[in-house]
file run.csv (CSV, C-alpha atoms)
chain,number,residue,atom,x,y,z
A,803,MET,CA,96.8,112.4,46.9
A,804,SER,CA,99.2,109.5,46.1
A,805,SER,CA,100.3,107.7,49.3
A,806,GLY,CA,102.0,104.4,48.5
A,807,ILE,CA,100.6,101.3,50.1
A,808,VAL,CA,97.7,102.3,52.4
A,809,ASN,CA,96.4,100.3,55.3
A,810,VAL,CA,92.7,100.4,55.8
A,811,PRO,CA,91.0,99.1,59.0
A,812,VAL,CA,88.3,96.4,58.7
A,813,VAL,CA,85.9,96.4,61.6
A,814,TRP,CA,84.2,93.1,62.1
A,815,TRP,CA,81.2,94.3,64.2
A,816,SER,CA,78.5,92.4,66.0
A,817,LEU,CA,76.7,93.2,69.3
A,818,GLU,CA,74.4,90.2,69.5
A,819,PRO,CA,75.4,88.2,72.6
A,820,ASP,CA,76.9,84.7,72.1
A,821,THR,CA,77.5,85.3,68.3
A,822,ILE,CA,80.7,85.9,66.3
A,823,ALA,CA,81.4,88.8,64.1
A,824,ARG,CA,84.0,87.1,61.8
A,825,GLY,CA,84.2,83.5,60.6
A,826,TYR,CA,80.8,82.7,59.1
A,827,TRP,CA,80.7,80.6,55.9
A,828,ASP,CA,79.2,83.4,53.8
A,829,GLN,CA,82.2,85.7,54.7
A,830,ALA,CA,84.8,83.5,53.0
A,831,LEU,CA,84.7,85.4,49.6
A,832,ILE,CA,84.9,88.7,51.4
A,833,GLU,CA,87.9,87.5,53.4
A,834,ASP,CA,89.6,86.5,50.1
A,835,VAL,CA,88.9,90.0,48.7
A,836,PHE,CA,90.6,91.6,51.7
A,837,SER,CA,93.6,89.2,51.6
A,838,ARG,CA,93.9,89.4,47.8
A,839,ALA,CA,93.5,85.7,47.5
A,840,ALA,CA,90.5,86.4,45.2
A,841,TRP,CA,92.7,88.6,43.0
A,842,HIS,CA,96.1,90.2,43.7
A,843,PRO,CA,96.3,93.7,42.2
A,844,PRO,CA,99.7,95.5,42.1
A,845,GLY,CA,100.1,97.9,45.0
A,846,GLY,CA,96.9,99.5,46.3
A,847,TYR,CA,95.5,98.9,49.8
A,848,THR,CA,96.1,96.4,52.6
A,849,TYR,CA,93.4,95.6,55.1
A,850,GLU,CA,94.0,95.3,58.8
A,851,HIS,CA,91.3,93.5,60.9
A,852,HIS,CA,89.7,94.4,64.2
A,853,VAL,CA,86.8,92.6,65.9
A,854,ILE,CA,84.3,94.5,68.0
A,855,LEU,CA,81.8,92.5,70.0
A,856,ASP,CA,80.9,95.1,72.7
A,857,PRO,CA,80.3,98.9,72.6
A,858,SER,CA,83.0,99.4,75.2
A,859,TRP,CA,85.7,97.9,72.9
A,860,LYS,CA,87.9,100.5,71.3
A,861,LEU,CA,87.4,101.1,67.6
A,862,PRO,CA,90.6,101.6,65.5
A,863,ASP,CA,91.8,105.1,65.2
A,864,ALA,CA,91.5,106.1,61.5
A,865,ASP,CA,89.9,108.5,59.1
A,866,GLY,CA,87.6,105.8,57.7
A,867,ALA,CA,87.0,102.1,57.9
A,868,VAL,CA,85.3,99.1,56.2
A,869,PHE,CA,82.6,97.6,58.5
A,870,VAL,CA,81.6,94.0,58.1
A,871,VAL,CA,78.4,93.2,59.9
A,872,PRO,CA,76.5,89.9,60.1
A,873,THR,CA,73.2,91.6,59.6
A,874,ARG,CA,70.8,88.8,60.6
A,875,HIS,CA,72.3,88.8,64.1
A,876,ASN,CA,72.2,92.6,64.4
A,877,LEU,CA,68.6,93.6,63.5
A,878,LYS,CA,68.2,95.2,67.0
A,879,PHE,CA,71.4,97.2,66.8
A,880,VAL,CA,71.1,99.5,63.9
A,881,SER,CA,71.3,102.6,66.0
A,882,GLU,CA,74.4,101.3,67.7
A,883,LEU,CA,75.9,100.5,64.3
A,884,ASN,CA,75.2,104.0,63.1
A,885,GLY,CA,76.8,105.4,66.3
A,886,ALA,CA,80.0,103.3,65.7
A,887,MET,CA,80.2,104.3,62.1
A,888,ALA,CA,79.8,108.0,63.1
A,889,ASN,CA,83.3,107.9,64.5
A,890,TYR,CA,84.6,107.9,60.9
A,891,ARG,CA,84.5,110.4,58.1
A,892,TRP,CA,83.8,107.7,55.6
A,893,VAL,CA,82.6,104.1,55.7
A,894,VAL,CA,82.2,101.1,53.5
A,895,LEU,CA,79.6,98.9,55.1
A,896,ILE,CA,79.4,95.2,54.1
A,897,GLY,CA,76.4,93.4,55.4
A,898,THR,CA,76.4,89.6,55.4
A,899,GLY,CA,74.2,86.7,56.4
A,900,ASP,CA,70.6,87.8,56.1
A,901,GLU,CA,69.0,85.3,53.7
A,902,GLU,CA,65.5,86.4,54.8
A,903,GLY,CA,66.3,90.0,53.7
A,904,LEU,CA,65.1,91.5,57.0
A,905,PHE,CA,67.8,94.1,57.7
A,906,PRO,CA,66.5,97.7,57.5
A,907,TRP,CA,69.1,99.1,55.0
A,908,HIS,CA,67.1,102.4,54.8
A,909,ARG,CA,68.0,103.1,58.4
A,910,ILE,CA,71.8,103.3,57.7
A,911,SER,CA,72.5,107.0,58.3
A,912,HIS,CA,76.2,107.7,57.6
A,913,SER,CA,76.4,110.5,55.0
A,914,ARG,CA,79.7,109.4,53.4
A,915,ARG,CA,79.3,105.7,52.7
A,916,LYS,CA,79.1,102.8,50.3
A,917,VAL,CA,76.9,99.9,51.2
A,918,TRP,CA,77.4,96.3,50.0
A,919,GLY,CA,74.4,94.2,50.9
A,920,MET,CA,74.3,90.4,50.9
A,921,HIS,CA,70.8,89.1,50.2
A,922,ALA,CA,69.6,92.7,50.2
A,923,PRO,CA,66.2,92.9,48.5
A,924,GLN,CA,66.4,94.1,44.9
A,925,GLY,CA,65.5,97.7,44.4
A,926,THR,CA,67.0,98.6,47.8
A,927,ILE,CA,68.2,102.0,46.8
A,928,THR,CA,70.5,102.4,49.9
A,929,VAL,CA,72.6,99.4,48.7
A,930,ASP,CA,75.3,100.2,46.2
A,931,ARG,CA,76.4,96.7,45.5
A,932,HIS,CA,74.5,93.4,45.9
A,933,LEU,CA,76.4,90.3,47.1
A,934,GLY,CA,75.7,86.6,47.1
A,935,SER,CA,76.9,84.1,49.7
A,936,GLY,CA,80.1,83.1,48.0
A,937,TYR,CA,81.9,79.8,48.4
A,938,SER,CA,82.5,77.9,51.6
A,939,PRO,CA,85.7,78.7,53.6
A,940,GLY,CA,88.8,77.2,52.0
A,941,PHE,CA,87.0,75.8,49.0
A,942,PRO,CA,89.3,77.4,46.3
A,943,GLU,CA,92.4,75.8,48.0
A,944,LEU,CA,90.5,72.6,48.4
A,945,VAL,CA,89.6,72.3,44.7
A,946,ALA,CA,92.8,73.7,43.3
A,947,PRO,CA,94.7,70.4,43.0
A,948,TYR,CA,91.9,68.9,40.9
A,949,ARG,CA,91.5,71.8,38.4
A,950,LEU,CA,94.5,70.7,36.3
A,951,ARG,CA,93.3,67.3,35.3
A,952,SER,CA,91.0,66.7,32.4
A,953,PRO,CA,87.5,67.6,33.8
A,954,GLY,CA,84.1,66.6,32.8
A,955,ARG,CA,84.0,62.8,33.1
A,956,LEU,CA,80.7,63.3,35.0
A,957,ASP,CA,77.9,65.1,33.2
A,958,VAL,CA,75.9,66.1,36.3
A,959,PHE,CA,76.9,66.3,39.9
A,960,PHE,CA,74.8,67.2,43.0
A,961,CYS,CA,75.5,66.5,46.6
A,962,GLY,CA,73.4,68.4,49.1
A,963,GLN,CA,70.2,68.8,51.1
A,964,ASP,CA,66.8,67.8,49.8
A,965,THR,CA,64.9,69.9,52.3
A,966,HIS,CA,62.3,71.9,50.3
A,967,GLU,CA,60.4,71.8,47.1
A,968,ARG,CA,62.8,73.6,44.9
A,969,ARG,CA,65.6,71.3,45.9
A,970,HIS,CA,63.4,68.2,45.4
A,971,GLN,CA,62.5,69.4,41.9
A,972,ALA,CA,66.1,70.0,40.9
A,973,ILE,CA,67.2,66.6,42.3
A,974,THR,CA,64.4,64.8,40.5
A,975,ALA,CA,65.2,66.6,37.3
A,976,ALA,CA,68.9,65.6,37.6
A,977,ARG,CA,68.0,61.9,38.2
A,978,GLU,CA,65.5,61.9,35.3
A,979,ALA,CA,67.9,63.3,32.7
A,980,ALA,CA,68.6,61.2,29.6
A,981,ALA,CA,69.8,57.6,30.2
A,982,SER,CA,73.1,58.3,28.5
A,983,VAL,CA,74.0,61.1,31.1
A,984,MET,CA,76.7,60.2,33.6
A,985,ARG,CA,75.6,61.5,36.9
A,986,LEU,CA,76.3,61.3,40.7
A,987,ILE,CA,73.3,62.6,42.7
A,988,ARG,CA,73.4,62.4,46.5
A,989,ALA,CA,70.6,63.9,48.6
A,990,THR,CA,70.9,64.5,52.3
A,991,SER,CA,68.5,65.7,55.0
A,992,GLU,CA,71.3,67.5,56.9
A,993,PHE,CA,73.9,70.3,56.3
A,994,GLY,CA,77.4,68.9,56.1
A,995,ALA,CA,79.6,71.7,57.4
A,996,HIS,CA,82.5,69.5,58.5
A,997,ASP,CA,85.1,67.3,56.8
A,998,GLU,CA,83.1,64.1,57.3
A,999,GLY,CA,80.1,65.6,55.4
A,1000,ALA,CA,76.4,65.0,56.1
A,1001,PRO,CA,74.9,61.5,56.4
A,1002,GLY,CA,74.5,60.1,52.9
A,1003,GLY,CA,76.8,62.8,51.5
A,1004,MET,CA,80.5,62.9,51.2
A,1005,PRO,CA,83.5,64.5,52.9
A,1006,ARG,CA,84.5,68.0,51.6
A,1007,MET,CA,87.7,66.9,49.9
A,1008,ALA,CA,85.8,64.2,48.0
A,1009,TYR,CA,83.1,66.7,47.2
A,1010,ALA,CA,85.7,69.1,45.8
A,1011,SER,CA,87.3,66.3,43.7
A,1012,VAL,CA,84.1,65.1,42.2
A,1013,MET,CA,82.8,68.7,41.6
A,1014,ALA,CA,85.9,69.4,39.5
A,1015,ASP,CA,85.3,66.3,37.5
A,1016,ALA,CA,81.8,67.3,36.4
A,1017,LYS,CA,80.4,69.3,33.5
A,1018,VAL,CA,77.1,70.7,35.1
A,1019,ALA,CA,76.1,71.4,38.7
A,1020,PRO,CA,72.5,72.1,39.5
A,1021,CYS,CA,72.3,74.7,42.2
A,1022,PRO,CA,68.8,74.9,43.7
A,1023,SER,CA,67.8,77.7,46.0
A,1024,GLY,CA,68.0,78.0,49.8
A,1025,PRO,CA,64.7,78.2,51.7
A,1026,GLU,CA,64.5,82.0,51.3
A,1027,SER,CA,66.9,83.1,48.6
A,1028,PRO,CA,67.9,81.7,45.2
A,1029,ASP,CA,71.5,81.8,46.5
A,1030,SER,CA,73.7,78.9,47.5
A,1031,PHE,CA,77.4,78.1,48.3
A,1032,ARG,CA,77.2,75.4,45.6
A,1033,LEU,CA,76.9,77.9,42.7
A,1034,TYR,CA,80.2,79.6,43.7
A,1035,GLU,CA,81.9,76.3,44.4
A,1036,ALA,CA,80.9,75.1,40.9
A,1037,LEU,CA,82.4,78.3,39.5
A,1038,GLU,CA,85.6,77.7,41.5
A,1039,ALA,CA,85.8,74.2,40.1
A,1040,GLY,CA,85.4,75.2,36.5
A,1041,VAL,CA,82.0,73.6,36.2
A,1042,VAL,CA,78.9,75.2,34.6
A,1043,PRO,CA,76.4,75.9,37.3
A,1044,VAL,CA,72.7,75.9,36.6
A,1045,ALA,CA,71.2,78.5,39.0
A,1046,ASP,CA,67.8,78.7,40.5
A,1047,GLY,CA,65.6,81.6,39.4
A,1048,ALA,CA,63.1,81.0,42.2
A,1049,THR,CA,62.7,80.0,45.9
A,1050,PRO,CA,59.9,77.9,47.5
A,1051,ASN,CA,58.1,81.2,47.8
A,1052,GLY,CA,58.1,81.9,44.0
A,1053,PRO,CA,60.2,83.4,41.2
A,1054,VAL,CA,62.8,86.0,41.9
A,1055,PRO,CA,63.5,87.6,38.4
A,1056,GLY,CA,66.9,89.2,37.8
A,1057,TYR,CA,68.4,88.0,41.1
A,1058,TRP,CA,71.6,86.6,39.7
A,1059,ASP,CA,72.2,89.6,37.4
A,1060,ALA,CA,71.8,91.9,40.4
A,1061,VAL,CA,74.2,89.8,42.6
A,1062,PHE,CA,76.9,89.7,39.9
A,1063,GLY,CA,76.2,93.3,38.7
A,1064,GLU,CA,75.9,92.1,35.1
A,1065,PRO,CA,74.2,89.4,32.9
A,1066,VAL,CA,75.4,86.0,34.0
A,1067,PRO,CA,76.7,83.4,31.4
A,1068,PHE,CA,75.2,80.4,33.0
A,1069,PRO,CA,71.6,79.1,32.8
A,1070,VAL,CA,69.0,80.3,35.4
A,1071,LEU,CA,65.9,78.2,35.6
A,1072,GLU,CA,62.5,78.8,37.1
A,1073,ASP,CA,61.4,75.4,36.0
A,1074,TRP,CA,63.8,72.5,36.8
A,1075,LYS,CA,62.2,70.4,34.1
A,1076,GLU,CA,64.4,72.4,31.7
A,1077,LEU,CA,67.5,71.0,33.3
A,1078,ALA,CA,67.9,68.1,30.8
A,1079,GLU,CA,68.0,70.4,27.8
A,1080,HIS,CA,70.7,72.6,29.4
A,1081,VAL,CA,72.8,69.5,30.3
A,1082,ALA,CA,72.5,68.3,26.6
A,1083,ASN,CA,73.6,71.7,25.4
A,1084,VAL,CA,76.7,71.8,27.6
A,1085,ARG,CA,77.6,68.2,26.7
A,1086,ALA,CA,77.3,68.9,23.0
A,1087,ALA,CA,79.6,72.0,23.1
A,1088,TRP,CA,82.0,70.9,25.8
A,1089,PRO,CA,84.5,72.4,26.8
A,1090,VAL,CA,83.5,75.7,25.3
A,1091,PRO,CA,80.7,76.5,27.9
A,1092,ALA,CA,83.0,75.8,30.8
A,1093,SER,CA,85.8,77.9,29.4
A,1094,ARG,CA,83.5,80.8,28.7
A,1095,VAL,CA,82.0,80.7,32.3
A,1096,ALA,CA,85.5,80.3,33.9
A,1097,ALA,CA,86.9,83.3,32.1
A,1098,TRP,CA,83.9,85.4,33.0
A,1099,TYR,CA,84.2,84.3,36.7
A,1100,GLN,CA,87.9,85.2,36.9
A,1101,GLN,CA,87.1,88.6,35.5
A,1102,TRP,CA,84.2,89.1,37.9
A,1103,LYS,CA,86.5,88.3,40.9
A,1104,ARG,CA,89.0,90.8,39.6
A,1105,LYS,CA,86.3,93.4,39.3
A,1106,LEU,CA,85.1,92.7,42.8
A,1107,VAL,CA,88.6,93.4,44.3
A,1108,TYR,CA,89.0,96.5,42.3
A,1109,ALA,CA,85.5,97.7,43.2
A,1110,LEU,CA,86.3,97.7,47.0
A,1111,ASP,CA,89.5,99.6,46.3
A,1112,ALA,CA,87.6,102.1,44.1
A,1113,ASP,CA,85.0,102.7,46.8
A,1114,VAL,CA,87.7,103.3,49.4
A,1115,THR,CA,89.5,105.7,47.0
A,1116,GLU,CA,86.3,107.6,46.2
A,1117,LEU,CA,85.3,108.0,49.8
A,1118,SER,CA,88.7,108.7,51.3
A,1119,GLY,CA,90.3,110.8,48.6
A,1120,MET,CA,93.4,108.6,48.9
A,1121,ILE,CA,95.1,107.4,45.7
A,1122,PRO,CA,97.4,104.5,46.5
A,1123,GLU,CA,100.3,104.0,44.1
A,1124,ARG,CA,100.0,101.1,41.7
A,1125,PRO,CA,103.1,100.1,39.8
A,1126,GLU,CA,102.7,99.8,36.1
A,1127,PRO,CA,103.2,96.3,34.6
A,1128,ASP,CA,106.4,95.9,32.6

call {"tool": "encode", "arguments": {"input": "run.csv", "output": "structure tokens"}}
result
Amino acid sequence: MSSGIVNVPVVWWSLEPDTIARGYWDQALIEDVFSRAAWHPPGGYTYEHHVILDPSWKLPDADGAVFVVPTRHNLKFVSELNGAMANYRWVVLIGTGDEEGLFPWHRISHSRRKVWGMHAPQGTITVDRHLGSGYSPGFPELVAPYRLRSPGRLDVFFCGQDTHERRHQAITAAREAAASVMRLIRATSEFGAHDEGAPGGMPRMAYASVMADAKVAPCPSGPESPDSFRLYEALEAGVVPVADGATPNGPVPGYWDAVFGEPVPFPVLEDWKELAEHVANVRAAWPVPASRVAAWYQQWKRKLVYALDADVTELSGMIPERPEPD
């Protein structure tokens, strides 16, 4: 049925003591999907937020809901999660923050559900959509003032941790690219989560400014997953990311195509020695590669917003009114 603008409850759910349910870095993109900052479709749904940190807290009264669960922190509470979701006729479950891929997705028992799994292992048949970590909180707003200037004065930019072999290989490859390559490479031993940055790194505002002035951003893996905030930050800045196709534990074929739900238009390397060749290709064709990647990324964010609305519509039977463009 058509029902105008429809409010959908979002339940940020976590029972692990001394942890939060909402506010982790890898939830920033999902927050922007809910708020329509990622893409603003006409009409449709609005999302109202509720935090549940204890089984005694009252769940919102509704026919259905979107649950967002930091799964790494709730490995022990799958039965309780199923019990909470059983209060609703339909559920969209979004699991975040499990880089090790330990959450038992097969134990989710709701019969009318859609499941979005961040870092869910490929081939997990109970996951309807795979997700990556997304960008760090506020990064689109942070980098926005720098997108309008002429980008690409730096050929290669990396500022981040050098804490395992994949990162060391990527950083070494970036430093050993051709002598004519303009680069800024800063390796740190710590994670810089605050405005002052990590020792040896740079503050976030400076990082955003320099990222937007680059052509290529190497994006080596995390310790357990090929994913990284850096890849999404490069996309937000209009830079061509070079993604990792492996982790310190070995290759992960098809990871990025699974996360984005389609073939990706940027390079994915299992051997970082190939980085110099890709930098040369981007330099030679600039700005065409950046334009192609940027257009694809904007369309992907649009699809992500519409995918959530489509799942809610399919499960609930509601059809919110969407005004036709003039």

call {"tool": "closest_residue", "arguments": {"input": "run.csv", "among": "A:Ala888, A:Ala922, A:Ala972, A:Ala1096", "to": "Gly903 in chain A", "atoms": "all atoms listed in the file"}}
result
A:Ala922

call {"tool": "atom_distance", "arguments": {"input": "run.csv", "atom1": "CA of Asp957 in chain A", "atom2": "CA of Gln1100 in chain A"}}
result
22.8 Å

call {"tool": "residues_around", "arguments": {"input": "run.csv", "residues": "Asp828 in chain A", "least_positions_apart": "4", "cutoff": "12 Å", "atoms": "only C-alpha atoms", "output": "VMD selection string"}}
result
chain A and resid 823 to 824 832 to 834 870 to 873 896 to 901 920 to 921 933 to 941 1029 to 1032 1034

call {"tool": "write_last_selection", "arguments": {"input": "run.csv", "atoms": "C-alpha atoms", "output": "JSON list (two decimals), in the coordinates of the input"}}
result
[["chain", "number", "residue", "atom", "x", "y", "z"],
["A", 823, "ALA", "CA", 81.40, 88.80, 64.10],
["A", 824, "ARG", "CA", 84.00, 87.10, 61.80],
["A", 832, "ILE", "CA", 84.90, 88.70, 51.40],
["A", 833, "GLU", "CA", 87.90, 87.50, 53.40],
["A", 834, "ASP", "CA", 89.60, 86.50, 50.10],
["A", 870, "VAL", "CA", 81.60, 94.00, 58.10],
["A", 871, "VAL", "CA", 78.40, 93.20, 59.90],
["A", 872, "PRO", "CA", 76.50, 89.90, 60.10],
["A", 873, "THR", "CA", 73.20, 91.60, 59.60],
["A", 896, "ILE", "CA", 79.40, 95.20, 54.10],
["A", 897, "GLY", "CA", 76.40, 93.40, 55.40],
["A", 898, "THR", "CA", 76.40, 89.60, 55.40],
["A", 899, "GLY", "CA", 74.20, 86.70, 56.40],
["A", 900, "ASP", "CA", 70.60, 87.80, 56.10],
["A", 901, "GLU", "CA", 69.00, 85.30, 53.70],
["A", 920, "MET", "CA", 74.30, 90.40, 50.90],
["A", 921, "HIS", "CA", 70.80, 89.10, 50.20],
["A", 933, "LEU", "CA", 76.40, 90.30, 47.10],
["A", 934, "GLY", "CA", 75.70, 86.60, 47.10],
["A", 935, "SER", "CA", 76.90, 84.10, 49.70],
["A", 936, "GLY", "CA", 80.10, 83.10, 48.00],
["A", 937, "TYR", "CA", 81.90, 79.80, 48.40],
["A", 938, "SER", "CA", 82.50, 77.90, 51.60],
["A", 939, "PRO", "CA", 85.70, 78.70, 53.60],
["A", 940, "GLY", "CA", 88.80, 77.20, 52.00],
["A", 941, "PHE", "CA", 87.00, 75.80, 49.00],
["A", 1029, "ASP", "CA", 71.50, 81.80, 46.50],
["A", 1030, "SER", "CA", 73.70, 78.90, 47.50],
["A", 1031, "PHE", "CA", 77.40, 78.10, 48.30],
["A", 1032, "ARG", "CA", 77.20, 75.40, 45.60],
["A", 1034, "TYR", "CA", 80.20, 79.60, 43.70]]

call {"tool": "residues_around", "arguments": {"input": "run.csv", "residues": "range 818-822 of chain A", "least_positions_apart": "5", "cutoff": "10 Å", "atoms": "all atoms listed in the file", "output": "compact mmCIF listing (two decimals) with C-alpha atoms, in the coordinates of the input"}}
result
# COMPACT_ATOMS: atom_id res chain seq x y z
CA VAL A 853 86.80 92.60 65.90
CA ILE A 854 84.30 94.50 68.00
CA LEU A 855 81.80 92.50 70.00
CA ASP A 856 80.90 95.10 72.70
CA VAL A 871 78.40 93.20 59.90
CA PRO A 872 76.50 89.90 60.10
CA ARG A 874 70.80 88.80 60.60
CA HIS A 875 72.30 88.80 64.10
CA ASN A 876 72.20 92.60 64.40
CA LEU A 877 68.60 93.60 63.50
CA LYS A 878 68.20 95.20 67.00
CA PHE A 879 71.40 97.20 66.80

call {"tool": "atom_distance", "arguments": {"input": "run.csv", "atom1": "CA of Leu817 in chain A", "atom2": "CA of His908 in chain A"}}
result
19.7 Å

call {"tool": "closest_residue", "arguments": {"input": "run.csv", "among": "A:Pro906, A:Ser911, A:Val1081, A:Glu1064", "to": "Gly885 in chain A", "atoms": "all atoms listed in the file"}}
result
A:Ser911

call {"tool": "axis_aligned_box", "arguments": {"input": "run.csv", "around": "range 886-897 of chain A", "padding_each_side": "8 Å", "output": "AutoDock Vina command-line options"}}
result
--center_x 80.5 --center_y 101.9 --center_z 59.6 --size_x 24.2 --size_y 33.0 --size_z 28.2

call {"tool": "closest_residue", "arguments": {"input": "run.csv", "among": "A:His912, A:Arg1006, A:Arg891, A:His966", "to": "Asp863 in chain A", "atoms": "only C-alpha atoms"}}
result
A:Arg891

call {"tool": "closest_residue", "arguments": {"input": "run.csv", "among": "A:Glu1038, A:Trp814, A:Glu1079, A:Ala1045", "to": "Trp1098 in chain A", "atoms": "all atoms listed in the file"}}
result
A:Glu1038

call {"tool": "atom_distance", "arguments": {"input": "run.csv", "atom1": "CA of Val1041 in chain A", "atom2": "CA of Ala976 in chain A"}}
result
15.4 Å

call {"tool": "closest_residue", "arguments": {"input": "run.csv", "among": "A:Thr974, A:Asn889, A:Ser881, A:Thr1049", "to": "Ala1078 in chain A", "atoms": "all atoms listed in the file"}}
result
A:Thr974

call {"tool": "closest_residue", "arguments": {"input": "run.csv", "among": "A:Asp865, A:Pro942, A:Ala1082, A:Glu967", "to": "Asn1051 in chain A", "atoms": "only C-alpha atoms"}}
result
A:Glu967

call {"tool": "residues_around", "arguments": {"input": "run.csv", "residues": "Trp1074 in chain A", "least_positions_apart": "4", "cutoff": "10 Å", "atoms": "only C-alpha atoms", "output": "PDB file with C-alpha atoms, in the coordinates of the input"}}
result
ATOM      1  CA  ARG A 968      62.800  73.600  44.900  1.00  0.00           C
ATOM      2  CA  ARG A 969      65.600  71.300  45.900  1.00  0.00           C
ATOM      3  CA  HIS A 970      63.400  68.200  45.400  1.00  0.00           C
ATOM      4  CA  GLN A 971      62.500  69.400  41.900  1.00  0.00           C
ATOM      5  CA  ALA A 972      66.100  70.000  40.900  1.00  0.00           C
ATOM      6  CA  ILE A 973      67.200  66.600  42.300  1.00  0.00           C
ATOM      7  CA  THR A 974      64.400  64.800  40.500  1.00  0.00           C
ATOM      8  CA  ALA A 975      65.200  66.600  37.300  1.00  0.00           C
ATOM      9  CA  ALA A 976      68.900  65.600  37.600  1.00  0.00           C
ATOM     10  CA  PRO A1020      72.500  72.100  39.500  1.00  0.00           C
ATOM     11  CA  PRO A1022      68.800  74.900  43.700  1.00  0.00           C
ATOM     12  CA  VAL A1044      72.700  75.900  36.600  1.00  0.00           C
ATOM     13  CA  ALA A1045      71.200  78.500  39.000  1.00  0.00           C
ATOM     14  CA  ASP A1046      67.800  78.700  40.500  1.00  0.00           C
ATOM     15  CA  GLY A1047      65.600  81.600  39.400  1.00  0.00           C
ATOM     16  CA  VAL A1070      69.000  80.300  35.400  1.00  0.00           C
ATOM     17  CA  ALA A1078      67.900  68.100  30.800  1.00  0.00           C
TER      18      ALA A1078
END

call {"tool": "residues_around", "arguments": {"input": "run.csv", "residues": "Ile927 in chain A", "least_positions_apart": "4", "cutoff": "12 Å", "atoms": "all atoms listed in the file", "output": "ChimeraX atom specification"}}
result
/A:906-910,916-919,922-923,931-932
